[in-house]
Amino acid sequence: MARTLLDKVWEAHTVRTLPSGQTQLLIGLHLIHEVTTPQAFQMLKDAKLKVRMPERTFATLDHIIPTTDQTRPYKDPLAEEMAVHMIRNAKDYGVPLFDMATGKQGIVHVIGPELGLSQPGMTIACGDSHTSTHGAVGAIAFGIGTTQVRDVLATQCLAMAKPKLRQVRVDGALARGVYAKDVILWIINQLGVKGGVGFAYEYAGSVIERMTMEERLTVCNMSIEGGARCGYVNPDQTTIDYVRGRQYAPQGAAFDRAATWWKSVATEPGAEFDDVKRLDGAAIEPVVTWGINPGMSVGVSQRIPKPESAAEADRSTFREALAHMGFEAEQPIKGAKIDVAFVGSCTNGRLSDLRAAAEVAKKGKVAKHVRALIVPGSQQVEKAAEAEGLHEIFRAAGFEWRKAGCSMCLGMNPDVLVGREMSASSSNRNFIGRQGSPTGRTLLMSPAMVAAAAISGAVADVREILK
Amino acid sequence: MSPTDYARKQIAGRGIPVPGNDIDTDRIIPARFLKEVTFETMGEHAFEDARKQNPEHPFNSPAYKGASVLVVGQNFGCGSSREHAPQALMRWGIRAIVGGSFGEIFFGNCVMLGIPCLTVSQADLEWLQREIGKTPQTPVSVDVEKQEVRFGDRVIKAAVPDGPRKQLVAGTWDSTAVLLDAGDAIEATAKKLPYVAGF
């Protein structure tokens, strides 16, 4: 019988079936950061256990670091304490740490693929829900909690039930001004924020196949926002070309043998899925969220829907969303005034994202009332962008050019919204309070759309600016 | 501790309803309170922003003080993987959660802490939230093994997936020991992987 990538990777990493019926699954790559690991290392210490495979574990600093002045100690003593713990734990347990001095520091989900650590056919875990990102290279990648981080540190394994598999097919051709971010926001809009519960998503179809690796990373990143435990794209020539030559990728003849194996783990023709959903790529326009979860979105030319259009059980959340955002039902999303523009995060902090934003930034100047930040996802992205002069384009247009980190995605560092500020953001979550202010408001969109909003001072249609 | 100390067959306590769907982990505990290297203070910040914005929030109400069974809507705990969310609820006093559905990572994190999450129908969760609101002192009894929730005279059918249910009932939800039992089979599995073997 034809098998899927999920079947093959799951089987290859199965240590045994547990009495609970779950699988004891070996984790091939464990990525760790400062926020969700100090407690896990403490548990390890208390149980007098070592890190089982320190050579398969890699650490970075991303969530809490400032993106302006990065000299230590950090001004925020709590952030400093978390950094100190990460640095000390990495040293004590023999785990490589990509700190600032390495020139390879960055958001964990940006540096994993960038360094060639994340490879096809692997199982990958990290104490962060956006670990689904790494599925773009053809891996099965899970976000986990801190106690599970302890398990992976101590045993290199997780106890997990195999998810069902849904193929999400996007065919057709995307219009100019429509990006990978719009594709995944639209998938979530169509399938719902809990539509993926119990499932892994296999992204397929001509739109996905034509995507670059960076675009696929954006799509897989937000699998979790659709409720899916993980999401992946089958490895193909794009994948192999992407991994080739990266620091941790196999070299020389070993690379060719690796590439053969990588291709062999892809889903076979005729494989069956628990469910298949199809979307027409040509029908997707730039998407903007208007509410308080990533499924509450509309095309930029559309109006905010009425609560009555939602299922009965969802209407109270719908009304809460309108009240929080200060929007009226049936109001056009285009023209909604913004105060802050943020390009960055593990969703859209890669070089191609910055290029897309820069293309728009060339067309104007940041509106006077808007505070606009461009935050590269890693030190390597920062360097590459500067080599192309993107930072000059941004600065000339009135954007701030920052250092690498999670920044304004989640309000754990100095980059936060103030009061009820409205933010046009290339990040992944518009939950109430997500960007650091309990009353702050977030509109999710692509990096190009964020740049368009920045120079327009309000939600704008990037297709009109790029004309 | 012996496995019996860990067994989570039945949990009974007063209920606390938190209505609404898609309550995410940033609501349960905003990210700015994650800047801690222990979980100790998390209980103080459970639903902090929601409580400040809404004085009527159930976590503010003296009627629900000391409650241990949380009753929620659909997709509770969606969003981030932060274990700080179930840690905050646990340290506030929550021992079991009954709801329509749960975010998957949140659900898994709860199992790892020995907090059963049971799903019930939309009609039943609405009924339970309403009835708890009327008589908050009536205990809610959660039976993980039988997959039932009892309130007053009524027995509500509930569900916990097989794997987690077995773990909770047997007291084997503390998974490190279970995983360590595999011994050398872990390294043996690793060695068979081409990328570990070096291609």
# chains A, B, ... in the order shown; residues from 1 in each chain; ligands from 1

call {"tool": "select_by_dssp", "arguments": {"residues": "chain B", "states": "strand (DSSP E)", "output": "PyMOL selection string"}}
result
chain B and resi 10-18+69-72+96-99+117-119+139-143+148-151+154-157

call {"tool": "interface_residues", "arguments": {"of": "chain B", "to": "chain A", "cutoff": "7 Å", "atoms": "only C-alpha atoms", "output": "ChimeraX atom specification"}}
result
/B:20-21,26-27,30-32,35-38,49,75,79-83,103-105,109,112,163-164,166-167,176,179-180,185-186,189,199

call {"tool": "write_last_selection", "arguments": {"atoms": "C-alpha atoms", "output": "PDB file, in the first residue's frame"}}
result
ATOM      1  CA  GLY B  20     -16.568  31.352  25.695  1.00  0.00           C
ATOM      2  CA  ASN B  21     -14.839  29.541  22.846  1.00  0.00           C
ATOM      3  CA  ASP B  26      -2.239  34.194  26.040  1.00  0.00           C
ATOM      4  CA  ARG B  27      -5.585  34.810  27.799  1.00  0.00           C
ATOM      5  CA  PRO B  30      -0.159  36.616  29.133  1.00  0.00           C
ATOM      6  CA  ALA B  31       3.396  36.205  27.803  1.00  0.00           C
ATOM      7  CA  ARG B  32       4.800  38.990  29.935  1.00  0.00           C
ATOM      8  CA  LYS B  35       9.640  35.793  32.353  1.00  0.00           C
ATOM      9  CA  GLU B  36      10.294  33.441  35.257  1.00  0.00           C
ATOM     10  CA  VAL B  37      12.692  30.555  35.654  1.00  0.00           C
ATOM     11  CA  THR B  38      10.230  28.633  37.849  1.00  0.00           C
ATOM     12  CA  ASP B  49      -5.696  40.574  32.007  1.00  0.00           C
ATOM     13  CA  ASN B  75     -10.993  24.891  21.711  1.00  0.00           C
ATOM     14  CA  GLY B  79      -2.350  28.831  20.805  1.00  0.00           C
ATOM     15  CA  SER B  80       1.073  28.648  22.326  1.00  0.00           C
ATOM     16  CA  SER B  81       2.763  25.577  23.806  1.00  0.00           C
ATOM     17  CA  ARG B  82       3.458  27.349  27.096  1.00  0.00           C
ATOM     18  CA  GLU B  83       3.057  24.897  29.946  1.00  0.00           C
ATOM     19  CA  GLY B 103      -6.060  22.880  22.011  1.00  0.00           C
ATOM     20  CA  GLU B 104      -3.880  19.824  21.473  1.00  0.00           C
ATOM     21  CA  ILE B 105      -0.629  20.983  23.013  1.00  0.00           C
ATOM     22  CA  ASN B 109       0.568  19.547  28.800  1.00  0.00           C
ATOM     23  CA  MET B 112       1.811  15.657  31.786  1.00  0.00           C
ATOM     24  CA  GLY B 163      -4.032   6.733  25.677  1.00  0.00           C
ATOM     25  CA  PRO B 164      -4.260   9.673  28.089  1.00  0.00           C
ATOM     26  CA  LYS B 166      -4.993   4.889  30.601  1.00  0.00           C
ATOM     27  CA  GLN B 167      -2.068   7.068  31.694  1.00  0.00           C
ATOM     28  CA  THR B 176       9.952  10.350  31.982  1.00  0.00           C
ATOM     29  CA  LEU B 179      10.198   6.556  28.502  1.00  0.00           C
ATOM     30  CA  LEU B 180      13.449   5.754  30.344  1.00  0.00           C
ATOM     31  CA  ALA B 185      16.203   0.563  22.541  1.00  0.00           C
ATOM     32  CA  ILE B 186      16.358   4.372  22.294  1.00  0.00           C
ATOM     33  CA  THR B 189      16.394   3.184  17.143  1.00  0.00           C
ATOM     34  CA  PHE B 199      24.397   8.711   5.632  1.00  0.00           C
TER      35      PHE B 199
END

call {"tool": "residues_around", "arguments": {"residues": "Asn60 (chain B)", "least_positions_apart": "4", "cutoff": "10 Å", "atoms": "only C-alpha atoms", "output": "PDB file with N, CA and C atoms, in the first residue's frame"}}
result
ATOM      1  N   PHE B  47      -5.374  34.139  34.151  1.00  0.00           N
ATOM      2  CA  PHE B  47      -6.381  35.037  33.568  1.00  0.00           C
ATOM      3  C   PHE B  47      -6.201  36.495  34.001  1.00  0.00           C
ATOM      4  N   GLU B  48      -4.972  36.900  34.283  1.00  0.00           N
ATOM      5  CA  GLU B  48      -4.763  38.228  34.878  1.00  0.00           C
ATOM      6  C   GLU B  48      -5.401  39.377  34.093  1.00  0.00           C
ATOM      7  N   ALA B  50      -7.710  39.281  31.714  1.00  0.00           N
ATOM      8  CA  ALA B  50      -9.158  39.088  31.607  1.00  0.00           C
ATOM      9  C   ALA B  50      -9.834  39.487  32.921  1.00  0.00           C
ATOM     10  N   ARG B  51      -9.183  39.182  34.045  1.00  0.00           N
ATOM     11  CA  ARG B  51      -9.764  39.526  35.354  1.00  0.00           C
ATOM     12  C   ARG B  51      -9.772  41.026  35.582  1.00  0.00           C
ATOM     13  N   LYS B  52      -8.692  41.689  35.126  1.00  0.00           N
ATOM     14  CA  LYS B  52      -8.617  43.148  35.305  1.00  0.00           C
ATOM     15  C   LYS B  52      -9.642  43.855  34.437  1.00  0.00           C
ATOM     16  N   ASN B  54     -12.431  42.601  33.337  1.00  0.00           N
ATOM     17  CA  ASN B  54     -13.797  42.211  33.645  1.00  0.00           C
ATOM     18  C   ASN B  54     -13.911  41.831  35.120  1.00  0.00           C
ATOM     19  N   PRO B  55     -14.393  42.771  35.951  1.00  0.00           N
ATOM     20  CA  PRO B  55     -14.516  42.483  37.387  1.00  0.00           C
ATOM     21  C   PRO B  55     -15.425  41.282  37.658  1.00  0.00           C
ATOM     22  N   GLU B  56     -16.316  40.988  36.675  1.00  0.00           N
ATOM     23  CA  GLU B  56     -17.245  39.861  36.839  1.00  0.00           C
ATOM     24  C   GLU B  56     -16.608  38.519  36.469  1.00  0.00           C
ATOM     25  N   TYR B  64     -16.603  31.320  43.667  1.00  0.00           N
ATOM     26  CA  TYR B  64     -15.848  30.195  43.092  1.00  0.00           C
ATOM     27  C   TYR B  64     -14.495  29.968  43.771  1.00  0.00           C
ATOM     28  N   LYS B  65     -14.268  30.693  44.847  1.00  0.00           N
ATOM     29  CA  LYS B  65     -12.995  30.524  45.556  1.00  0.00           C
ATOM     30  C   LYS B  65     -12.884  29.076  46.034  1.00  0.00           C
TER      31      LYS B  65
END

call {"tool": "select_by_dssp", "arguments": {"residues": "region 61-102 of chain A", "states": "helix (DSSP H, G or I)", "output": "number ranges by chain"}}
result
A: 77-93, 100-102

call {"tool": "residues_around", "arguments": {"residues": "Ile11 (chain B)", "least_positions_apart": "3", "cutoff": "7 Å", "atoms": "only C-alpha atoms", "output": "number ranges by chain"}}
result
B: 141-143

call {"tool": "write_last_selection", "arguments": {"atoms": "C-alpha atoms", "output": "short mmCIF file (atom, residue, chain, number, x, y, z; two decimals), in the first residue's frame"}}
result
data_model
loop_
_atom_site.label_atom_id
_atom_site.label_comp_id
_atom_site.auth_asym_id
_atom_site.auth_seq_id
_atom_site.Cartn_x
_atom_site.Cartn_y
_atom_site.Cartn_z
CA SER B 141 -17.46 14.88 40.29
CA VAL B 142 -15.21 13.86 37.43
CA ASP B 143 -14.75 10.15 36.78
#

call {"tool": "residues_around", "arguments": {"residues": "region 132-141 of chain A", "least_positions_apart": "4", "cutoff": "8 Å", "atoms": "only C-alpha atoms", "output": "number ranges by chain"}}
result
A: 5-6, 9, 109, 112-113, 118-125, 213, 216-224, 229-235, 239, 266, 347

call {"tool": "write_last_selection", "arguments": {"atoms": "N, CA and C atoms", "output": "tab-separated table (two decimals), in the first residue's frame"}}
result
chain	number	residue	atom	x	y	z
A	5	LEU	N	4.41	10.34	4.05
A	5	LEU	CA	5.61	10.76	4.77
A	5	LEU	C	5.40	10.55	6.27
A	6	LEU	N	4.20	10.90	6.74
A	6	LEU	CA	3.92	10.73	8.18
A	6	LEU	C	4.10	9.27	8.59
A	9	VAL	N	8.04	8.38	8.45
A	9	VAL	CA	8.85	9.03	9.48
A	9	VAL	C	8.45	8.49	10.86
A	109	HIS	N	13.01	29.05	15.06
A	109	HIS	CA	12.42	28.47	13.85
A	109	HIS	C	12.98	29.10	12.57
A	112	GLY	N	16.96	27.07	12.67
A	112	GLY	CA	16.98	25.61	12.45
A	112	GLY	C	17.15	25.26	10.97
A	113	PRO	N	16.23	25.74	10.12
A	113	PRO	CA	16.38	25.50	8.68
A	113	PRO	C	17.61	26.21	8.09
A	118	SER	N	17.59	21.44	10.53
A	118	SER	CA	16.28	20.83	10.22
A	118	SER	C	16.39	20.18	8.86
A	119	GLN	N	16.20	18.88	8.81
A	119	GLN	CA	16.36	18.15	7.55
A	119	GLN	C	15.16	17.25	7.29
A	120	PRO	N	14.96	16.88	6.02
A	120	PRO	CA	13.84	16.00	5.68
A	120	PRO	C	13.93	14.67	6.42
A	121	GLY	N	12.78	14.11	6.73
A	121	GLY	CA	12.72	12.78	7.34
A	121	GLY	C	12.97	12.75	8.82
A	122	MET	N	13.27	13.91	9.42
A	122	MET	CA	13.55	13.96	10.85
A	122	MET	C	12.25	14.10	11.66
A	123	THR	N	12.36	13.76	12.94
A	123	THR	CA	11.38	14.23	13.91
A	123	THR	C	12.06	15.37	14.67
A	124	ILE	N	11.34	16.46	14.85
A	124	ILE	CA	11.90	17.66	15.49
A	124	ILE	C	10.95	18.10	16.59
A	125	ALA	N	11.50	18.47	17.73
A	125	ALA	CA	10.66	19.00	18.81
A	125	ALA	C	11.30	20.24	19.40
A	213	MET	N	11.44	27.48	-0.43
A	213	MET	CA	11.47	26.93	0.93
A	213	MET	C	11.01	27.97	1.94
A	216	ARG	N	7.34	28.06	2.05
A	216	ARG	CA	6.79	26.86	2.70
A	216	ARG	C	6.94	26.95	4.21
A	217	LEU	N	8.05	27.55	4.66
A	217	LEU	CA	8.27	27.72	6.11
A	217	LEU	C	7.16	28.59	6.71
A	218	THR	N	6.77	29.63	5.97
A	218	THR	CA	5.68	30.51	6.43
A	218	THR	C	4.37	29.73	6.55
A	219	VAL	N	4.09	28.90	5.54
A	219	VAL	CA	2.83	28.14	5.56
A	219	VAL	C	2.82	27.16	6.74
A	220	CYS	N	3.90	26.37	6.86
A	220	CYS	CA	3.93	25.34	7.92
A	220	CYS	C	3.93	25.98	9.31
A	221	ASN	N	4.55	27.16	9.42
A	221	ASN	CA	4.63	27.87	10.70
A	221	ASN	C	3.27	28.01	11.38
A	222	MET	N	2.25	28.32	10.57
A	222	MET	CA	0.95	28.63	11.16
A	222	MET	C	0.01	27.43	11.19
A	223	SER	N	0.53	26.22	10.97
A	223	SER	CA	-0.31	25.01	11.06
A	223	SER	C	-1.02	24.96	12.40
A	224	ILE	N	-0.27	25.31	13.44
A	224	ILE	CA	-0.81	25.25	14.80
A	224	ILE	C	-1.97	26.24	14.97
A	229	ARG	N	-1.50	19.65	14.77
A	229	ARG	CA	-0.36	19.38	15.64
A	229	ARG	C	0.94	19.67	14.91
A	230	CYS	N	0.96	19.41	13.60
A	230	CYS	CA	2.13	19.70	12.79
A	230	CYS	C	1.70	19.83	11.34
A	231	GLY	N	2.57	20.31	10.50
A	231	GLY	CA	2.27	20.43	9.07
A	231	GLY	C	3.55	20.22	8.30
A	232	TYR	N	3.45	19.64	7.13
A	232	TYR	CA	4.69	19.42	6.36
A	232	TYR	C	4.44	19.53	4.86
A	233	VAL	N	5.55	19.68	4.13
A	233	VAL	CA	5.53	19.64	2.68
A	233	VAL	C	6.49	18.51	2.28
A	234	ASN	N	6.09	17.69	1.34
A	234	ASN	CA	6.96	16.59	0.92
A	234	ASN	C	8.27	17.11	0.34
A	235	PRO	N	9.39	16.47	0.68
A	235	PRO	CA	10.67	16.92	0.14
A	235	PRO	C	10.73	16.72	-1.37
A	239	THR	N	13.55	21.38	-1.89
A	239	THR	CA	14.04	21.07	-0.54
A	239	THR	C	15.54	20.73	-0.59
A	266	ALA	N	9.13	10.88	1.00
A	266	ALA	CA	7.95	11.63	0.54
A	266	ALA	C	6.74	10.70	0.40
A	347	THR	N	7.27	33.60	11.60
A	347	THR	CA	6.39	33.44	10.44
A	347	THR	C	6.96	34.16	9.23

call {"tool": "closest_residue", "arguments": {"among": "A:Val170, A:Asn348, A:Ala329, A:Asp415", "to": "Ser206 (chain A)", "atoms": "only C-alpha atoms"}}
result
A:Val170

call {"tool": "closest_residue", "arguments": {"among": "A:Thr60, A:Thr260, A:Ser378, A:Ser446", "to": "Val343 (chain A)", "atoms": "only C-alpha atoms"}}
result
A:Ser446

call {"tool": "residues_around", "arguments": {"residues": "Val168 (chain A)", "least_positions_apart": "2", "cutoff": "9 Å", "atoms": "only C-alpha atoms", "output": "PyMOL selection string"}}
result
chain A and resi 166+170+187+201-205+275-279

call {"tool": "write_last_selection", "arguments": {"atoms": "N, CA and C atoms", "output": "tab-separated table (two decimals), in the first residue's frame"}}
result
chain	number	residue	atom	x	y	z
A	166	ARG	N	-4.43	14.95	7.17
A	166	ARG	CA	-5.27	15.64	6.19
A	166	ARG	C	-4.37	16.27	5.14
A	170	VAL	N	-3.62	23.17	-2.42
A	170	VAL	CA	-3.88	24.50	-2.97
A	170	VAL	C	-3.38	24.49	-4.40
A	187	ILE	N	-6.19	29.41	4.39
A	187	ILE	CA	-6.45	28.01	4.78
A	187	ILE	C	-7.11	27.99	6.16
A	201	TYR	N	-1.15	18.19	9.02
A	201	TYR	CA	-1.49	18.69	7.69
A	201	TYR	C	-0.35	18.41	6.70
A	202	GLU	N	-0.70	17.79	5.58
A	202	GLU	CA	0.26	17.70	4.48
A	202	GLU	C	-0.16	18.74	3.45
A	203	TYR	N	0.69	19.74	3.23
A	203	TYR	CA	0.37	20.78	2.25
A	203	TYR	C	0.84	20.33	0.88
A	204	ALA	N	-0.04	20.42	-0.10
A	204	ALA	CA	0.29	19.94	-1.44
A	204	ALA	C	-0.45	20.77	-2.48
A	205	GLY	N	-0.30	20.40	-3.73
A	205	GLY	CA	-0.94	21.13	-4.82
A	205	GLY	C	0.06	22.06	-5.49
A	275	ASP	N	-8.41	12.67	5.35
A	275	ASP	CA	-9.26	13.73	4.82
A	275	ASP	C	-8.46	14.52	3.78
A	276	VAL	N	-9.16	15.08	2.82
A	276	VAL	CA	-8.50	15.94	1.83
A	276	VAL	C	-9.34	17.21	1.70
A	277	LYS	N	-8.67	18.37	1.72
A	277	LYS	CA	-9.37	19.63	1.50
A	277	LYS	C	-8.68	20.34	0.33
A	278	ARG	N	-9.48	20.96	-0.52
A	278	ARG	CA	-8.94	21.63	-1.69
A	278	ARG	C	-9.27	23.12	-1.67
A	279	LEU	N	-8.28	23.93	-2.03
A	279	LEU	CA	-8.52	25.37	-2.13
A	279	LEU	C	-8.01	25.86	-3.48

call {"tool": "residues_around", "arguments": {"residues": "Arg3 (chain A)", "least_positions_apart": "3", "cutoff": "7 Å", "atoms": "only C-alpha atoms", "output": "count of residues only"}}
result
5

call {"tool": "atom_distance", "arguments": {"atom1": "CA of Phe76 (chain B)", "atom2": "CA of Ile23 (chain B)"}}
result
5.0 Å

call {"tool": "closest_residue", "arguments": {"among": "A:Val108, A:Ala336, A:Val207, A:Ile284", "to": "Gly405 (chain A)", "atoms": "only C-alpha atoms"}}
result
A:Val108

call {"tool": "decode", "arguments": {"residues": "region 230-242 of chain A", "atoms": "N, CA and C atoms", "output": "short mmCIF file (atom, residue, chain, number, x, y, z; two decimals), in the first residue's frame"}}
result
data_model
loop_
_atom_site.label_atom_id
_atom_site.label_comp_id
_atom_site.auth_asym_id
_atom_site.auth_seq_id
_atom_site.Cartn_x
_atom_site.Cartn_y
_atom_site.Cartn_z
N CYS A 230 0.96 19.41 13.60
CA CYS A 230 2.13 19.70 12.79
C CYS A 230 1.70 19.83 11.34
N GLY A 231 2.57 20.31 10.50
CA GLY A 231 2.27 20.43 9.07
C GLY A 231 3.55 20.22 8.30
N TYR A 232 3.45 19.64 7.13
CA TYR A 232 4.69 19.42 6.36
C TYR A 232 4.44 19.53 4.86
N VAL A 233 5.55 19.68 4.13
CA VAL A 233 5.53 19.64 2.68
C VAL A 233 6.49 18.51 2.28
N ASN A 234 6.09 17.69 1.34
CA ASN A 234 6.96 16.59 0.92
C ASN A 234 8.27 17.11 0.34
N PRO A 235 9.39 16.47 0.68
CA PRO A 235 10.67 16.92 0.14
C PRO A 235 10.73 16.72 -1.37
N ASP A 236 11.24 17.72 -2.07
CA ASP A 236 11.40 17.64 -3.52
C ASP A 236 12.71 18.35 -3.88
N GLN A 237 12.88 18.68 -5.15
CA GLN A 237 14.15 19.29 -5.57
C GLN A 237 14.36 20.63 -4.87
N THR A 238 13.28 21.38 -4.65
CA THR A 238 13.37 22.66 -3.94
C THR A 238 13.99 22.44 -2.55
N THR A 239 13.55 21.38 -1.89
CA THR A 239 14.04 21.07 -0.54
C THR A 239 15.54 20.73 -0.59
N ILE A 240 15.88 19.87 -1.52
CA ILE A 240 17.27 19.41 -1.62
C ILE A 240 18.20 20.59 -1.94
N ASP A 241 17.75 21.43 -2.88
CA ASP A 241 18.57 22.60 -3.23
C ASP A 241 18.72 23.56 -2.05
N TYR A 242 17.67 23.62 -1.24
CA TYR A 242 17.71 24.52 -0.08
C TYR A 242 18.71 24.03 0.96
#
